[in-house]
2 protein chains.
Amino acid sequence: MARAATTTDAFNAVAEPRRREILDLLAGGECVVNDLVTRLGLAQPQVSKHLKVLREVGLVQVREEGRQRRYRLNGRPLQAIHDWVKKYEQTWQDRFDALDVVLEELIEEEQSNGRDDE
Amino acid sequence: MARAATTTDAFNAVAEPRRREILDLLAGGECVVNDLVTRLGLAQPQVSKHLKVLREVGLVQVREEGRQRRYRLNGRPLQAIHDWVKKYEQTWQDRFDALDVVLEELIEEEQSNGRDDE
DNA sequence: TTTACATATTCCCATATGGGTATACGATGG
DNA sequence: CCATCGTATACCCATATGGGAATATGTAAA
């Protein structure tokens, strides 16, 4: 098997920095494709392709308006990521790191001491 | 260019469900490779390969212990993901959705009204 | 020092990616 | 109706993925 499709879920869709950029832009409000092209400094076809991926995972919605397409953010699929990553939140707190260091020291101490002093 | 390497950053590393599973297991405490193999029901080489990716983005640390390797979680690289996704948090709140609906209605109303009533 | 164990590495392969470029398509203006 | 605009799609390509299977490497046990 190869790598999972980018359209598999929000995790995969959002792994691409350009797509995160697009979402960041859309966070500021609805946007038309050409605006994105300009603001991203990326070629139009690639922007359309990224938008397609985002559409397929439900991260954006389109509204047709004459010959332009107005894209809008839909953050809901990001919740899965948030939920998953939130579990690890305390992991990078300073206090947790400090605890880590302490544990590390204890372990190393234990190792160099051998088992004879228990 | 092809897709960014899985080892590029935490976003890419964690897009793979198996690797998320591994981190979830390690969240319960240090673990030896064979334990992971058993608990994941995955072949040993693939587990080692996933662990390599996680190592390269700094999500896990290894400690050699005789012929086994004890892996430990290091959540810090997840902070980048958390920070990015957190910005969108209110996006999926119910109240925000409700607001969305209202905006949608306003927009459609405006469109069908034309501009003559201003 | 041979054997068994724990883990990593290598090789093979089907697959989809993301950028580039060209082109299709629908809407609009002249 | 023809040209143009806004967007999407198709095609080409180099690349790395993830699983499978075999093998290498290093440590401990017999």
# chains A, B, ... in the order shown; residues from 1 in each chain; ligands from 1
call {"tool": "closest_atom_pairs", "arguments": {"of": "chain B", "to": "chain A", "cutoff": "6 Å", "atoms": "only C-alpha atoms", "output": "CSV"}}
result
residue,atom,partner,partner_atom,distance
B:Phe11,CA,A:Ala15,CA,5.0
B:Asn12,CA,A:Ala15,CA,5.1
B:Ala15,CA,A:Phe11,CA,5.0
B:Gly75,CA,A:Thr91,CA,5.3
B:Arg76,CA,A:Trp92,CA,4.7
B:Thr91,CA,A:Gly75,CA,5.3
B:Trp92,CA,A:Arg76,CA,4.7
call {"tool": "write_last_selection", "arguments": {"atoms": "N, CA and C atoms", "output": "PDB file, in the first residue's frame"}}
result
ATOM      1  N   PHE B  11       3.068  17.367  11.661  1.00  0.00           N
ATOM      2  CA  PHE B  11       1.853  17.283  10.855  1.00  0.00           C
ATOM      3  C   PHE B  11       1.895  16.061   9.948  1.00  0.00           C
ATOM      4  N   ASN B  12       2.996  15.933   9.236  1.00  0.00           N
ATOM      5  CA  ASN B  12       3.117  14.825   8.294  1.00  0.00           C
ATOM      6  C   ASN B  12       3.298  13.486   9.003  1.00  0.00           C
ATOM      7  N   ALA B  15      -0.017  12.176  10.379  1.00  0.00           N
ATOM      8  CA  ALA B  15      -1.119  11.957   9.438  1.00  0.00           C
ATOM      9  C   ALA B  15      -1.382  10.464   9.275  1.00  0.00           C
ATOM     10  N   GLY B  75       5.933  14.640  23.568  1.00  0.00           N
ATOM     11  CA  GLY B  75       4.809  15.318  22.917  1.00  0.00           C
ATOM     12  C   GLY B  75       5.118  16.691  22.368  1.00  0.00           C
ATOM     13  N   ARG B  76       6.225  17.253  22.763  1.00  0.00           N
ATOM     14  CA  ARG B  76       6.471  18.654  22.406  1.00  0.00           C
ATOM     15  C   ARG B  76       6.220  19.011  20.942  1.00  0.00           C
ATOM     16  N   THR B  91     -14.706  27.668  15.687  1.00  0.00           N
ATOM     17  CA  THR B  91     -15.334  27.394  14.391  1.00  0.00           C
ATOM     18  C   THR B  91     -16.356  26.267  14.446  1.00  0.00           C
ATOM     19  N   TRP B  92     -16.117  25.318  15.323  1.00  0.00           N
ATOM     20  CA  TRP B  92     -17.050  24.184  15.364  1.00  0.00           C
ATOM     21  C   TRP B  92     -17.935  24.202  16.607  1.00  0.00           C
TER      22      TRP B  92
END
call {"tool": "closest_atom_pairs", "arguments": {"of": "chain B", "to": "chain D", "cutoff": "8 Å", "atoms": "only C-alpha atoms (C1' of nucleotides)", "output": "CSV"}}
result
residue,atom,partner,partner_atom,distance
B:Met1,CA,D:DA14,C1',6.8
B:Ala2,CA,D:DT15,C1',5.2
B:Arg3,CA,D:DA16,C1',7.6
B:Ala5,CA,D:DA16,C1',6.7
B:Gln46,CA,D:DG19,C1',7.4
B:Gly66,CA,D:DT27,C1',6.4
B:Arg67,CA,D:DT27,C1',5.1
call {"tool": "write_last_selection", "arguments": {"atoms": "N, CA and C atoms", "output": "JSON list (two decimals), in the first residue's frame"}}
result
[["chain", "number", "residue", "atom", "x", "y", "z"],
["B", 1, "MET", "N", 7.41, 18.38, -7.77],
["B", 1, "MET", "CA", 7.70, 17.89, -6.40],
["B", 1, "MET", "C", 6.65, 16.86, -6.00],
["B", 2, "ALA", "N", 7.05, 16.00, -5.13],
["B", 2, "ALA", "CA", 6.06, 15.03, -4.63],
["B", 2, "ALA", "C", 5.57, 15.50, -3.28],
["B", 3, "ARG", "N", 4.83, 14.68, -2.62],
["B", 3, "ARG", "CA", 4.34, 15.03, -1.31],
["B", 3, "ARG", "C", 5.51, 15.21, -0.35],
["B", 5, "ALA", "N", 7.94, 14.81, 2.72],
["B", 5, "ALA", "CA", 8.32, 13.61, 3.45],
["B", 5, "ALA", "C", 7.54, 13.52, 4.77],
["B", 46, "GLN", "N", 7.52, -3.00, 10.08],
["B", 46, "GLN", "CA", 6.72, -1.78, 9.88],
["B", 46, "GLN", "C", 6.70, -0.95, 11.15],
["B", 66, "GLY", "N", 19.90, -3.50, 27.00],
["B", 66, "GLY", "CA", 20.23, -4.84, 26.55],
["B", 66, "GLY", "C", 19.90, -4.95, 25.08],
["B", 67, "ARG", "N", 19.20, -5.99, 24.71],
["B", 67, "ARG", "CA", 18.88, -6.10, 23.28],
["B", 67, "ARG", "C", 17.55, -5.47, 22.94]]
call {"tool": "residues_around", "arguments": {"residues": "Leu42 in chain B", "least_positions_apart": "5", "cutoff": "10 Å", "atoms": "only C-alpha atoms (C1' of nucleotides)", "output": "PDB file with C-alpha atoms (C1' of nucleotides), in the first residue's frame"}}
result
ATOM      1  CA  ARG B  18      -0.621   3.774  12.858  1.00  0.00           C
ATOM      2  CA  LEU B  36       4.127  -2.359  20.351  1.00  0.00           C
ATOM      3  CA  VAL B  37       4.270  -5.071  17.729  1.00  0.00           C
ATOM      4  CA  VAL B  47       6.645  -0.873  13.537  1.00  0.00           C
TER       5      VAL B  47
ATOM      6  C1'  DG D  19       3.338  -2.934   3.435  1.00  0.00           C
TER       7       DG D  19
END
call {"tool": "interface_residues", "arguments": {"of": "chain C", "to": "chain B", "cutoff": "8 Å", "atoms": "only C-alpha atoms (C1' of nucleotides)", "output": "PyMOL selection string"}}
result
chain C and resi 6-8+17-19
call {"tool": "write_last_selection", "arguments": {"atoms": "N, CA and C atoms (P, O5', C5', C4', C3', O3' and C1' of nucleotides)", "output": "compact mmCIF listing (two decimals), in the first residue's frame"}}
result
# COMPACT_ATOMS: atom_id res chain seq x y z
P DA C 6 12.75 -11.78 22.20
O5' DA C 6 13.57 -10.51 21.69
C5' DA C 6 14.27 -9.70 22.62
C4' DA C 6 14.64 -8.39 21.95
C3' DA C 6 13.45 -7.67 21.30
O3' DA C 6 13.51 -6.30 21.65
C1' DA C 6 15.13 -8.06 19.67
P DT C 7 12.43 -5.31 21.13
O5' DT C 7 13.17 -4.84 19.80
C5' DT C 7 14.37 -4.10 19.94
C4' DT C 7 15.01 -3.84 18.59
C3' DT C 7 14.20 -2.97 17.64
O3' DT C 7 14.86 -1.72 17.57
C1' DT C 7 15.36 -4.71 16.52
P DA C 8 14.36 -0.57 16.59
O5' DA C 8 15.31 -0.80 15.33
C5' DA C 8 16.72 -0.77 15.52
C4' DA C 8 17.43 -0.99 14.19
C3' DA C 8 17.02 -0.04 13.08
O3' DA C 8 18.21 0.46 12.48
C1' DA C 8 16.82 -2.29 12.35
P DT C 17 -3.63 11.83 -3.69
O5' DT C 17 -2.32 12.71 -3.60
C5' DT C 17 -1.46 12.48 -2.50
C4' DT C 17 -0.13 13.10 -2.83
C3' DT C 17 -0.27 14.55 -3.31
O3' DT C 17 0.32 15.38 -2.33
C1' DT C 17 1.28 13.28 -4.61
P DG C 18 -0.39 16.77 -2.09
O5' DG C 18 0.56 17.71 -2.94
C5' DG C 18 1.93 17.78 -2.63
C4' DG C 18 2.64 18.52 -3.75
C3' DG C 18 1.89 19.76 -4.25
O3' DG C 18 2.81 20.80 -4.46
C1' DG C 18 2.26 18.28 -6.04
P DG C 19 2.39 22.27 -4.59
O5' DG C 19 3.15 22.74 -5.91
C5' DG C 19 4.56 22.54 -5.98
C4' DG C 19 4.96 22.31 -7.42
C3' DG C 19 4.45 23.38 -8.39
O3' DG C 19 5.55 24.09 -8.94
C1' DG C 19 4.14 21.18 -9.25
call {"tool": "atom_distance", "arguments": {"atom1": "CA of Glu21 in chain B", "atom2": "CA of Arg55 in chain B"}}
result
14.8 Å
call {"tool": "atom_distance", "arguments": {"atom1": "CA of Arg72 in chain A", "atom2": "CA of Leu59 in chain A"}}
result
8.5 Å
call {"tool": "atom_distance", "arguments": {"atom1": "CA of Thr7 in chain B", "atom2": "CA of Val57 in chain B"}}
result
5.8 Å
call {"tool": "select_by_dssp", "arguments": {"residues": "range 57-100 of chain A", "states": "alpha helix (DSSP H)", "output": "JSON, numbers by chain"}}
result
{"A": [78, 79, 80, 81, 82, 83, 84, 85, 86, 94, 95, 96, 97, 98, 99, 100]}
call {"tool": "write_last_selection", "arguments": {"atoms": "C-alpha atoms", "output": "mmCIF file, in the first residue's frame"}}
result
data_model
loop_
_atom_site.group_PDB
_atom_site.id
_atom_site.type_symbol
_atom_site.label_atom_id
_atom_site.label_comp_id
_atom_site.auth_asym_id
_atom_site.auth_seq_id
_atom_site.Cartn_x
_atom_site.Cartn_y
_atom_site.Cartn_z
ATOM 1 C CA LEU A 78 -10.504 20.063 12.404
ATOM 2 C CA GLN A 79 -12.153 19.098 15.627
ATOM 3 C CA ALA A 80 -10.915 15.523 15.240
ATOM 4 C CA ILE A 81 -7.356 16.799 15.130
ATOM 5 C CA HIS A 82 -7.922 19.079 18.053
ATOM 6 C CA ASP A 83 -9.439 16.304 20.104
ATOM 7 C CA TRP A 84 -6.595 13.955 19.369
ATOM 8 C CA VAL A 85 -3.800 16.385 19.994
ATOM 9 C CA LYS A 86 -5.383 17.895 23.059
ATOM 10 C CA ASP A 94 7.243 23.222 31.431
ATOM 11 C CA ARG A 95 6.356 21.452 34.615
ATOM 12 C CA PHE A 96 5.932 18.224 32.723
ATOM 13 C CA ASP A 97 9.307 18.678 31.101
ATOM 14 C CA ALA A 98 10.866 19.253 34.481
ATOM 15 C CA LEU A 99 9.297 16.046 35.720
ATOM 16 C CA ASP A 100 10.707 14.350 32.681
#
